[in-house]
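File shown here: upload-v8.pdb, holding PDB, C-alpha atoms, pLDDT in the B column.
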```
ATOM      1  CA  MET A   1     -46.312 -24.574   1.353  1.00 87.00           C
ATOM      2  CA  ARG A   2     -43.746 -27.172   0.281  1.00 92.00           C
ATOM      3  CA  GLN A   3     -40.902 -24.657   0.469  1.00 94.00           C
ATOM      4  CA  LYS A   4     -42.025 -23.423   3.884  1.00 94.00           C
ATOM      5  CA  ILE A   5     -41.848 -27.004   5.130  1.00 96.00           C
ATOM      6  CA  ARG A   6     -38.452 -27.580   3.498  1.00 96.00           C
ATOM      7  CA  ARG A   7     -36.934 -24.393   4.895  1.00 95.00           C
ATOM      8  CA  THR A   8     -38.296 -25.144   8.363  1.00 96.00           C
ATOM      9  CA  VAL A   9     -36.888 -28.680   8.318  1.00 97.00           C
ATOM     10  CA  ILE A  10     -33.460 -27.613   7.089  1.00 96.00           C
ATOM     11  CA  LEU A  11     -33.342 -24.749   9.618  1.00 95.00           C
ATOM     12  CA  VAL A  12     -34.204 -27.115  12.481  1.00 96.00           C
ATOM     13  CA  SER A  13     -31.486 -29.454  11.186  1.00 97.00           C
ATOM     14  CA  PHE A  14     -28.972 -26.614  11.486  1.00 96.00           C
ATOM     15  CA  LEU A  15     -30.172 -25.708  14.987  1.00 96.00           C
ATOM     16  CA  LEU A  16     -29.545 -29.335  15.986  1.00 96.00           C
ATOM     17  CA  PHE A  17     -26.028 -29.246  14.510  1.00 96.00           C
ATOM     18  CA  PRO A  18     -24.279 -29.016  17.934  1.00 96.00           C
ATOM     19  CA  ILE A  19     -25.902 -32.367  18.758  1.00 96.00           C
ATOM     20  CA  THR A  20     -25.340 -34.092  15.407  1.00 96.00           C
ATOM     21  CA  ILE A  21     -22.077 -32.643  14.078  1.00 96.00           C
ATOM     22  CA  TRP A  22     -19.914 -35.632  15.104  1.00 96.00           C
ATOM     23  CA  TYR A  23     -22.093 -37.922  12.968  1.00 97.00           C
ATOM     24  CA  PHE A  24     -20.933 -35.973   9.892  1.00 96.00           C
ATOM     25  CA  SER A  25     -17.328 -35.610  11.023  1.00 95.00           C
ATOM     26  CA  PRO A  26     -14.646 -36.381   8.401  1.00 95.00           C
ATOM     27  CA  TYR A  27     -12.006 -36.501  11.145  1.00 95.00           C
ATOM     28  CA  LEU A  28     -13.799 -38.701  13.667  1.00 95.00           C
ATOM     29  CA  ILE A  29     -14.227 -41.505  11.139  1.00 97.00           C
ATOM     30  CA  ILE A  30     -10.431 -41.532  10.649  1.00 97.00           C
ATOM     31  CA  GLN A  31      -9.791 -41.608  14.390  1.00 96.00           C
ATOM     32  CA  ALA A  32     -12.278 -44.460  14.787  1.00 96.00           C
ATOM     33  CA  ALA A  33     -10.728 -46.310  11.842  1.00 96.00           C
ATOM     34  CA  SER A  34      -7.344 -46.262  13.611  1.00 95.00           C
ATOM     35  CA  GLU A  35      -8.984 -48.314  16.361  1.00 96.00           C
ATOM     36  CA  HIS A  36     -10.945 -50.520  13.924  1.00 96.00           C
ATOM     37  CA  ILE A  37     -14.207 -48.970  15.117  1.00 96.00           C
ATOM     38  CA  LEU A  38     -17.151 -48.367  12.793  1.00 96.00           C
ATOM     39  CA  ASN A  39     -18.601 -45.167  14.231  1.00 96.00           C
ATOM     40  CA  GLY A  40     -21.703 -43.096  13.623  1.00 95.00           C
ATOM     41  CA  SER A  41     -20.270 -41.047  10.760  1.00 96.00           C
ATOM     42  CA  PHE A  42     -19.316 -44.258   8.944  1.00 97.00           C
ATOM     43  CA  PHE A  43     -22.932 -45.425   8.936  1.00 97.00           C
ATOM     44  CA  VAL A  44     -24.253 -41.959   8.074  1.00 97.00           C
ATOM     45  CA  PHE A  45     -21.968 -41.683   5.029  1.00 97.00           C
ATOM     46  CA  VAL A  46     -22.828 -45.200   3.865  1.00 97.00           C
ATOM     47  CA  THR A  47     -26.526 -44.362   4.236  1.00 97.00           C
ATOM     48  CA  MET A  48     -26.016 -41.211   2.157  1.00 96.00           C
ATOM     49  CA  LEU A  49     -24.329 -43.225  -0.578  1.00 97.00           C
ATOM     50  CA  VAL A  50     -27.027 -45.900  -0.737  1.00 97.00           C
ATOM     51  CA  ALA A  51     -29.970 -43.498  -0.427  1.00 97.00           C
ATOM     52  CA  SER A  52     -28.595 -41.273  -3.202  1.00 96.00           C
ATOM     53  CA  MET A  53     -28.803 -44.176  -5.642  1.00 95.00           C
ATOM     54  CA  PHE A  54     -32.558 -43.613  -5.515  1.00 95.00           C
ATOM     55  CA  LEU A  55     -32.967 -40.052  -4.194  1.00 94.00           C
ATOM     56  CA  GLY A  56     -30.023 -38.118  -5.613  1.00 93.00           C
ATOM     57  CA  ARG A  57     -29.023 -35.147  -3.456  1.00 95.00           C
ATOM     58  CA  VAL A  58     -32.302 -34.874  -1.570  1.00 96.00           C
ATOM     59  CA  TRP A  59     -30.281 -34.850   1.654  1.00 96.00           C
ATOM     60  CA  CYS A  60     -28.566 -31.606   0.594  1.00 96.00           C
ATOM     61  CA  GLY A  61     -31.810 -29.827  -0.184  1.00 95.00           C
ATOM     62  CA  TRP A  62     -34.009 -31.043   2.643  1.00 96.00           C
ATOM     63  CA  LEU A  63     -31.965 -32.208   5.658  1.00 96.00           C
ATOM     64  CA  CYS A  64     -28.349 -31.037   5.631  1.00 97.00           C
ATOM     65  CA  PRO A  65     -27.523 -28.751   8.589  1.00 96.00           C
ATOM     66  CA  ALA A  66     -24.644 -27.165   6.661  1.00 96.00           C
ATOM     67  CA  GLY A  67     -27.062 -26.415   3.843  1.00 95.00           C
ATOM     68  CA  GLY A  68     -29.490 -24.842   6.297  1.00 94.00           C
ATOM     69  CA  LEU A  69     -26.772 -22.501   7.537  1.00 95.00           C
ATOM     70  CA  GLN A  70     -25.781 -21.496   4.016  1.00 94.00           C
ATOM     71  CA  GLU A  71     -29.341 -20.814   2.933  1.00 94.00           C
ATOM     72  CA  CYS A  72     -29.620 -18.365   5.830  1.00 93.00           C
ATOM     73  CA  LEU A  73     -26.531 -16.617   4.432  1.00 94.00           C
ATOM     74  CA  ILE A  74     -28.180 -16.061   1.044  1.00 92.00           C
ATOM     75  CA  ARG A  75     -29.603 -12.883   2.607  1.00 91.00           C
ATOM     76  CA  CYS A  76     -26.010 -11.674   3.042  1.00 93.00           C
ATOM     77  CA  ASN A  77     -24.746 -12.709  -0.401  1.00 94.00           C
ATOM     78  CA  GLY A  78     -27.384 -13.934  -2.819  1.00 91.00           C
ATOM     79  CA  SER A  79     -25.249 -13.944  -5.945  1.00 94.00           C
ATOM     80  CA  PRO A  80     -24.761 -17.313  -7.707  1.00 93.00           C
ATOM     81  CA  ALA A  81     -21.443 -18.944  -6.809  1.00 92.00           C
ATOM     82  CA  LYS A  82     -19.156 -19.360  -9.817  1.00 91.00           C
ATOM     83  CA  GLN A  83     -19.117 -22.939 -10.994  1.00 89.00           C
ATOM     84  CA  GLY A  84     -17.209 -25.098 -13.420  1.00 86.00           C
ATOM     85  CA  ARG A  85     -13.702 -26.105 -12.363  1.00 90.00           C
ATOM     86  CA  ARG A  86     -14.220 -24.817  -8.835  1.00 91.00           C
ATOM     87  CA  ASP A  87     -16.879 -27.458  -8.258  1.00 92.00           C
ATOM     88  CA  ARG A  88     -14.186 -30.115  -8.670  1.00 93.00           C
ATOM     89  CA  ILE A  89     -12.279 -28.983  -5.576  1.00 95.00           C
ATOM     90  CA  LYS A  90     -14.603 -30.987  -3.315  1.00 96.00           C
ATOM     91  CA  TYR A  91     -13.865 -34.178  -5.242  1.00 96.00           C
ATOM     92  CA  GLY A  92     -10.132 -33.745  -4.710  1.00 96.00           C
ATOM     93  CA  ILE A  93     -10.730 -33.226  -0.999  1.00 96.00           C
ATOM     94  CA  TRP A  94     -13.025 -36.259  -0.897  1.00 97.00           C
ATOM     95  CA  ILE A  95     -10.592 -38.606  -2.681  1.00 97.00           C
ATOM     96  CA  VAL A  96      -7.702 -37.699  -0.363  1.00 97.00           C
ATOM     97  CA  TRP A  97      -9.948 -38.067   2.682  1.00 97.00           C
ATOM     98  CA  ILE A  98     -11.375 -41.460   1.645  1.00 97.00           C
ATOM     99  CA  ALA A  99      -7.844 -42.697   0.929  1.00 97.00           C
ATOM    100  CA  ALA A 100      -6.834 -41.574   4.435  1.00 97.00           C
ATOM    101  CA  VAL A 101      -9.775 -43.470   5.967  1.00 96.00           C
ATOM    102  CA  VAL A 102      -8.916 -46.677   4.093  1.00 96.00           C
ATOM    103  CA  VAL A 103      -5.180 -46.522   4.870  1.00 97.00           C
ATOM    104  CA  THR A 104      -5.842 -45.741   8.538  1.00 96.00           C
ATOM    105  CA  PHE A 105      -8.256 -48.661   8.820  1.00 96.00           C
ATOM    106  CA  VAL A 106      -5.797 -51.066   7.160  1.00 95.00           C
ATOM    107  CA  LEU A 107      -3.050 -49.984   9.559  1.00 94.00           C
ATOM    108  CA  GLY A 108      -5.383 -49.872  12.559  1.00 91.00           C
ATOM    109  CA  LYS A 109      -5.261 -52.049  15.643  1.00 87.00           C
ATOM    110  CA  ASN A 110      -7.756 -54.197  17.600  1.00 89.00           C
ATOM    111  CA  ASP A 111     -10.680 -56.262  16.355  1.00 92.00           C
ATOM    112  CA  VAL A 112     -13.354 -54.616  14.269  1.00 93.00           C
ATOM    113  CA  THR A 113     -16.202 -53.320  16.454  1.00 95.00           C
ATOM    114  CA  VAL A 114     -19.229 -51.078  16.077  1.00 96.00           C
ATOM    115  CA  ASP A 115     -19.721 -47.979  18.254  1.00 95.00           C
ATOM    116  CA  PHE A 116     -22.287 -45.629  16.737  1.00 96.00           C
ATOM    117  CA  PHE A 117     -21.870 -43.134  19.588  1.00 94.00           C
ATOM    118  CA  TYR A 118     -18.060 -43.123  19.453  1.00 94.00           C
ATOM    119  CA  MET A 119     -16.615 -40.009  21.171  1.00 92.00           C
ATOM    120  CA  THR A 120     -20.035 -38.601  22.068  1.00 91.00           C
ATOM    121  CA  ASP A 121     -21.482 -37.983  25.517  1.00 88.00           C
ATOM    122  CA  HIS A 122     -24.919 -39.649  25.659  1.00 88.00           C
ATOM    123  CA  GLY A 123     -25.109 -39.245  21.880  1.00 90.00           C
ATOM    124  CA  ILE A 124     -24.522 -35.469  22.005  1.00 93.00           C
ATOM    125  CA  SER A 125     -21.604 -34.181  19.946  1.00 94.00           C
ATOM    126  CA  VAL A 126     -20.822 -30.810  21.538  1.00 93.00           C
ATOM    127  CA  ALA A 127     -21.067 -31.844  25.171  1.00 89.00           C
ATOM    128  CA  SER A 128     -18.208 -29.785  26.623  1.00 89.00           C
ATOM    129  CA  ILE A 129     -17.014 -26.222  26.260  1.00 90.00           C
ATOM    130  CA  TYR A 130     -13.856 -27.389  24.462  1.00 89.00           C
ATOM    131  CA  ASN A 131     -15.929 -28.977  21.711  1.00 92.00           C
ATOM    132  CA  TYR A 132     -17.301 -25.546  20.834  1.00 93.00           C
ATOM    133  CA  VAL A 133     -13.863 -24.558  19.516  1.00 93.00           C
ATOM    134  CA  VAL A 134     -14.147 -27.296  16.895  1.00 93.00           C
ATOM    135  CA  TYR A 135     -17.827 -26.537  16.294  1.00 96.00           C
ATOM    136  CA  TYR A 136     -17.305 -22.853  15.565  1.00 96.00           C
ATOM    137  CA  GLY A 137     -14.271 -23.691  13.455  1.00 95.00           C
ATOM    138  CA  VAL A 138     -16.508 -25.843  11.240  1.00 95.00           C
ATOM    139  CA  ILE A 139     -19.156 -23.108  11.175  1.00 96.00           C
ATOM    140  CA  LEU A 140     -16.537 -20.601  10.012  1.00 96.00           C
ATOM    141  CA  LEU A 141     -15.385 -23.049   7.327  1.00 95.00           C
ATOM    142  CA  LEU A 142     -18.962 -23.242   6.009  1.00 95.00           C
ATOM    143  CA  VAL A 143     -19.762 -19.542   6.346  1.00 96.00           C
ATOM    144  CA  LEU A 144     -16.776 -18.008   4.549  1.00 96.00           C
ATOM    145  CA  PRO A 145     -17.325 -19.583   1.082  1.00 95.00           C
ATOM    146  CA  ALA A 146     -21.001 -18.621   1.161  1.00 95.00           C
ATOM    147  CA  LEU A 147     -20.227 -15.033   2.177  1.00 95.00           C
ATOM    148  CA  ILE A 148     -17.369 -14.611  -0.294  1.00 95.00           C
ATOM    149  CA  HIS A 149     -18.545 -16.599  -3.314  1.00 95.00           C
ATOM    150  CA  GLY A 150     -22.346 -16.635  -3.033  1.00 93.00           C
ATOM    151  CA  ARG A 151     -25.171 -19.128  -2.701  1.00 94.00           C
ATOM    152  CA  ARG A 152     -24.113 -22.352  -0.997  1.00 95.00           C
ATOM    153  CA  GLY A 153     -20.454 -21.731  -1.807  1.00 95.00           C
ATOM    154  CA  ALA A 154     -19.313 -24.433   0.618  1.00 96.00           C
ATOM    155  CA  CYS A 155     -21.637 -26.970  -1.037  1.00 95.00           C
ATOM    156  CA  HIS A 156     -20.074 -26.235  -4.407  1.00 95.00           C
ATOM    157  CA  TYR A 157     -16.416 -26.115  -3.397  1.00 96.00           C
ATOM    158  CA  ILE A 158     -15.543 -27.941  -0.173  1.00 95.00           C
ATOM    159  CA  CYS A 159     -18.414 -30.152   0.997  1.00 96.00           C
ATOM    160  CA  TRP A 160     -17.117 -33.594   1.976  1.00 95.00           C
ATOM    161  CA  MET A 161     -20.622 -35.114   1.936  1.00 96.00           C
ATOM    162  CA  ALA A 162     -21.790 -34.101  -1.561  1.00 96.00           C
ATOM    163  CA  PRO A 163     -19.463 -36.516  -3.443  1.00 96.00           C
ATOM    164  CA  PHE A 164     -21.097 -39.481  -1.685  1.00 96.00           C
ATOM    165  CA  MET A 165     -24.403 -38.495  -3.237  1.00 96.00           C
ATOM    166  CA  VAL A 166     -22.957 -37.668  -6.648  1.00 96.00           C
ATOM    167  CA  VAL A 167     -21.252 -41.067  -6.742  1.00 96.00           C
ATOM    168  CA  GLY A 168     -24.398 -42.776  -5.466  1.00 96.00           C
ATOM    169  CA  GLY A 169     -26.529 -41.078  -8.118  1.00 93.00           C
ATOM    170  CA  SER A 170     -24.077 -42.161 -10.824  1.00 93.00           C
ATOM    171  CA  ILE A 171     -24.168 -45.752  -9.566  1.00 95.00           C
ATOM    172  CA  GLY A 172     -27.977 -45.630  -9.580  1.00 93.00           C
ATOM    173  CA  ARG A 173     -28.054 -44.499 -13.194  1.00 90.00           C
ATOM    174  CA  LEU A 174     -25.471 -47.118 -14.157  1.00 92.00           C
ATOM    175  CA  LEU A 175     -27.639 -49.827 -12.568  1.00 92.00           C
ATOM    176  CA  HIS A 176     -30.806 -48.308 -14.104  1.00 90.00           C
ATOM    177  CA  LEU A 177     -32.431 -47.901 -10.696  1.00 92.00           C
ATOM    178  CA  PRO A 178     -35.582 -45.779 -10.246  1.00 93.00           C
ATOM    179  CA  GLN A 179     -34.349 -42.299  -9.317  1.00 91.00           C
ATOM    180  CA  PHE A 180     -36.029 -39.242  -7.882  1.00 92.00           C
ATOM    181  CA  HIS A 181     -35.349 -36.215 -10.070  1.00 90.00           C
ATOM    182  CA  ILE A 182     -36.806 -33.092 -11.649  1.00 90.00           C
ATOM    183  CA  GLU A 183     -38.088 -33.354 -15.200  1.00 89.00           C
ATOM    184  CA  ALA A 184     -39.108 -30.577 -17.581  1.00 90.00           C
ATOM    185  CA  ARG A 185     -41.491 -30.131 -20.497  1.00 89.00           C
ATOM    186  CA  ARG A 186     -38.989 -28.192 -22.577  1.00 88.00           C
ATOM    187  CA  GLN A 187     -41.519 -27.198 -25.214  1.00 90.00           C
ATOM    188  CA  ASP A 188     -43.611 -25.306 -22.640  1.00 90.00           C
ATOM    189  CA  CYS A 189     -40.727 -23.251 -21.203  1.00 91.00           C
ATOM    190  CA  ILE A 190     -41.125 -19.487 -21.790  1.00 92.00           C
ATOM    191  CA  SER A 191     -37.532 -18.701 -20.681  1.00 89.00           C
ATOM    192  CA  CYS A 192     -38.649 -16.293 -17.951  1.00 92.00           C
ATOM    193  CA  GLY A 193     -35.637 -17.228 -15.805  1.00 88.00           C
ATOM    194  CA  ARG A 194     -37.554 -17.274 -12.521  1.00 92.00           C
ATOM    195  CA  CYS A 195     -36.392 -20.825 -11.824  1.00 92.00           C
ATOM    196  CA  GLY A 196     -32.728 -19.828 -11.788  1.00 90.00           C
ATOM    197  CA  LYS A 197     -33.338 -16.764  -9.629  1.00 93.00           C
ATOM    198  CA  VAL A 198     -34.707 -18.875  -6.750  1.00 94.00           C
ATOM    199  CA  CYS A 199     -32.293 -21.827  -7.040  1.00 95.00           C
ATOM    200  CA  PRO A 200     -30.320 -22.038  -3.737  1.00 94.00           C
ATOM    201  CA  MET A 201     -27.390 -23.532  -5.656  1.00 94.00           C
ATOM    202  CA  GLY A 202     -27.345 -20.665  -8.149  1.00 92.00           C
ATOM    203  CA  LEU A 203     -27.835 -22.991 -11.121  1.00 93.00           C
ATOM    204  CA  ASP A 204     -28.924 -21.751 -14.537  1.00 92.00           C
ATOM    205  CA  VAL A 205     -32.046 -23.892 -14.526  1.00 92.00           C
ATOM    206  CA  ARG A 206     -33.443 -22.347 -17.716  1.00 93.00           C
ATOM    207  CA  ALA A 207     -30.305 -23.313 -19.665  1.00 91.00           C
ATOM    208  CA  MET A 208     -30.446 -26.846 -18.278  1.00 91.00           C
ATOM    209  CA  VAL A 209     -34.096 -27.189 -19.281  1.00 91.00           C
ATOM    210  CA  GLN A 210     -33.281 -26.056 -22.815  1.00 89.00           C
ATOM    211  CA  SER A 211     -30.379 -28.510 -23.075  1.00 87.00           C
ATOM    212  CA  GLY A 212     -32.291 -31.347 -21.392  1.00 83.00           C
ATOM    213  CA  THR A 213     -29.665 -31.836 -18.673  1.00 84.00           C
ATOM    214  CA  ASN A 214     -31.675 -30.749 -15.623  1.00 81.00           C
ATOM    215  CA  ALA A 215     -32.544 -34.332 -14.634  1.00 80.00           C
ATOM    216  CA  VAL A 216     -28.893 -35.416 -14.412  1.00 83.00           C
ATOM    217  CA  CYS A 217     -27.229 -32.270 -13.023  1.00 89.00           C
ATOM    218  CA  THR A 218     -24.907 -33.350 -10.197  1.00 90.00           C
ATOM    219  CA  GLU A 219     -25.185 -29.957  -8.459  1.00 93.00           C
ATOM    220  CA  CYS A 220     -28.999 -30.084  -8.255  1.00 94.00           C
ATOM    221  CA  ILE A 221     -30.112 -30.709  -4.655  1.00 95.00           C
ATOM    222  CA  GLN A 222     -33.758 -31.600  -5.457  1.00 94.00           C
ATOM    223  CA  CYS A 223     -35.049 -28.789  -3.259  1.00 94.00           C
ATOM    224  CA  GLY A 224     -37.934 -28.044  -5.631  1.00 93.00           C
ATOM    225  CA  GLU A 225     -37.608 -24.252  -5.500  1.00 94.00           C
ATOM    226  CA  CYS A 226     -37.648 -24.144  -9.304  1.00 94.00           C
ATOM    227  CA  VAL A 227     -40.617 -26.520  -9.451  1.00 94.00           C
ATOM    228  CA  ASP A 228     -42.715 -24.301  -7.200  1.00 94.00           C
ATOM    229  CA  GLU A 229     -41.604 -21.032  -8.831  1.00 94.00           C
ATOM    230  CA  CYS A 230     -42.278 -21.978 -12.471  1.00 93.00           C
ATOM    231  CA  PRO A 231     -45.390 -20.067 -13.665  1.00 92.00           C
ATOM    232  CA  LYS A 232     -46.126 -22.604 -16.407  1.00 91.00           C
ATOM    233  CA  LYS A 233     -45.517 -25.695 -14.270  1.00 92.00           C
ATOM    234  CA  VAL A 234     -42.898 -26.843 -16.731  1.00 92.00           C
ATOM    235  CA  LEU A 235     -40.878 -28.517 -13.966  1.00 93.00           C
ATOM    236  CA  SER A 236     -42.068 -31.417 -11.835  1.00 91.00           C
ATOM    237  CA  TYR A 237     -40.779 -34.151  -9.562  1.00 91.00           C
ATOM    238  CA  HIS A 238     -40.609 -37.696 -10.917  1.00 89.00           C
ATOM    239  CA  MET A 239     -39.474 -41.109  -9.709  1.00 85.00           C
ATOM    240  CA  ARG A 240     -38.620 -43.142 -12.767  1.00 74.00           C
ATOM    241  CA  TRP A 241     -36.296 -45.815 -14.000  1.00 60.00           C
ATOM    242  CA  SER A 242     -33.229 -44.291 -15.626  1.00 52.00           C
ATOM    243  CA  ARG A 243     -32.729 -45.031 -19.295  1.00 52.00           C
TER     244      ARG A 243
END
```
Would you mind writing the file out in structure tokens?
Amino acid sequence: MRQKIRRTVILVSFLLFPITIWYFSPYLIIQAASEHILNGSFFVFVTMLVASMFLGRVWCGWLCPAGGLQECLIRCNGSPAKQGRRDRIKYGIWIVWIAAVVVTFVLGKNDVTVDFFYMTDHGISVASIYNYVVYYGVILLLVLPALIHGRRGACHYICWMAPFMVVGGSIGRLLHLPQFHIEARRQDCISCGRCGKVCPMGLDVRAMVQSGTNAVCTECIQCGECVDECPKKVLSYHMRWSR
């Protein structure tokens, strides 16, 4: 039941993407910064950062519209996306982008103001036919990695939102904040591998359980697929203070 709810929520989030896309826009925040405007995407990204100190990448697994699109594409290419060095690409993109936001804001004009609905028509992102060009361009950017490389390829390689949550989770652990995560009773694991087969991120969950790293994996999106699939109930959600 939990996974039915999760998949429904994340699918609805994707269906609403034409309305919400500007609030996740990496470009619009730069344009707003040039005018010293704190726009909707600024507050959304800050919220992601702060929330991830306690919740990790719950956003990715339960609410992200881009994630909803990519999970639909698992039916087209369900192989695990190769990881390792490729996962670092998104951090390079993120660092360059954040630097661009900061520099643009420093060089910007006018007094600092807040406009959550900056460049939206009554709060709707894709409100004209011309906006669909940008919208479908973003969709193509998200679709291709998933089709070519496998499960949630865009999340692994190019997502500009994931680093906020990875950084937030690291800050939470550094400050020893209570964090939502998945724990495992390693001694009860029978190494059946079912957890890894259902993981939307294509993670080797069994290997992480055996090494004791599942609770701190930065690519884990807290979706709970592995928790619900485990026949021995080895995996479970927990909210605990980090050690």
As AutoDock Vina command-line options, what would the box around stretch 37-48 of chain A look like: edges along x, y and z, 4 Å added on every side, centre and edge lengths in Å to one decimal?
```
--center_x -20.4 --center_y -45.0 --center_z 8.6 --size_x 20.3 --size_y 15.9 --size_z 21.0
```
- line: Closest of A:Leu11, A:Ile29, A:Val44, A:Ala51 to A:Gly172, counting all atoms listed in the file, is A:Ala51
message: Counting all atoms listed in the file, which residue out of A:Lys109, A:Arg173, A:His156, A:Arg186 sits closest to A:Lys90?
response: A:His156
task: Find, counting only C-alpha atoms, the residue in A:Cys199, A:Leu38, A:Pro231, A:Tyr27 that gets nearest to A:Val112.
output: A:Leu38
- request: Carefully work through the PyMOL selection byres ((chain A and resi 170) around 12) for this structure and note down the residues it includes, as a PyMOL selection string.
  value: chain A and resi 49-50+52-57+163-169+171-177+179+216-218+242
message: Can you spell out as a PyMOL selection string the set of residues that the PyMOL selection byres ((chain A and resi 183) around 9) selects in the structure I just provided?
response: chain A and resi 181-182+184-185+209+212+214-215+234-238
message: Can you spell out as a PyMOL selection string the set of residues that the PyMOL selection byres ((chain A and resi 101) around 9) selects in the structure I just provided?
response: chain A and resi 26-27+29-31+33-34+96-100+102-106
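If you count all atoms listed in the file and ignore residues fewer than 3 places along the chain from A:Leu141, what sits within 12 Å of it is Ala66, Leu69, Gln70, Val134, Tyr135, Tyr136, Gly137, Val138, Leu144, Pro145, Ala146, Leu147, Ile148, Gly153, Ala154, Cys155, Tyr157, Ile158, Cys159 and Trp160 of chain A.
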field: Residue among A:Arg85, A:His36, A:Arg151, A:Lys197 lying closest to A:Glu71, counting all atoms listed in the file
entry: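 Closest candidate: A:Arg151.
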message: Counting only C-alpha atoms, which residue out of A:Ile129, A:Thr8, A:Gln222, A:Phe180 sits closest to A:Arg240?
response: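 When distances to A:Arg240 are compared using only C-alpha atoms, the smallest one comes from A:Phe180.
Residue nearest A:Phe24, chosen from A:Asn110, A:Ser211, A:Ser125, A:Arg88 and counting only C-alpha atoms: A:Ser125.
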Polymer residues at most 9 Å from A:Ile124, only C-alpha atoms, same-chain spacing of 2 or more positions, as a list in words: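 Once the adjacent positions are removed, what remains is Pro18, Ile19, Thr20, Ile21, Trp22, Phe117, Thr120, Asp121, His122, Val126 and Ala127 of chain A.
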task: Name all residues at most 9 Å from A:Arg7 (count all atoms listed in the file; drop same-chain ones fewer than 5 positions away) and give them as a ChimeraX atom specification.
output: /A:2,12,62,68,71
Keeping C-alpha atoms for every residue in the selection just given, could you write it to a file as a CSV table (one decimal), in the frame of the given file?
```
chain,number,residue,atom,x,y,z
A,2,ARG,CA,-43.7,-27.2,0.3
A,12,VAL,CA,-34.2,-27.1,12.5
A,62,TRP,CA,-34.0,-31.0,2.6
A,68,GLY,CA,-29.5,-24.8,6.3
A,71,GLU,CA,-29.3,-20.8,2.9
```
query: atom CA of A:Ile89 to atom CA of A:Cys72: how many Å, to one decimal?
result: 23.3 Å
query: Between atom CA of A:Ser41 and atom CA of A:Val143, what is the distance, to one decimal in Å?
result: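 The value is 22.0 Å.
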query: What is the distance, in Å and to one decimal place, between atom CA of A:Phe17 and atom CA of A:Ser79?
result: 25.6 Å
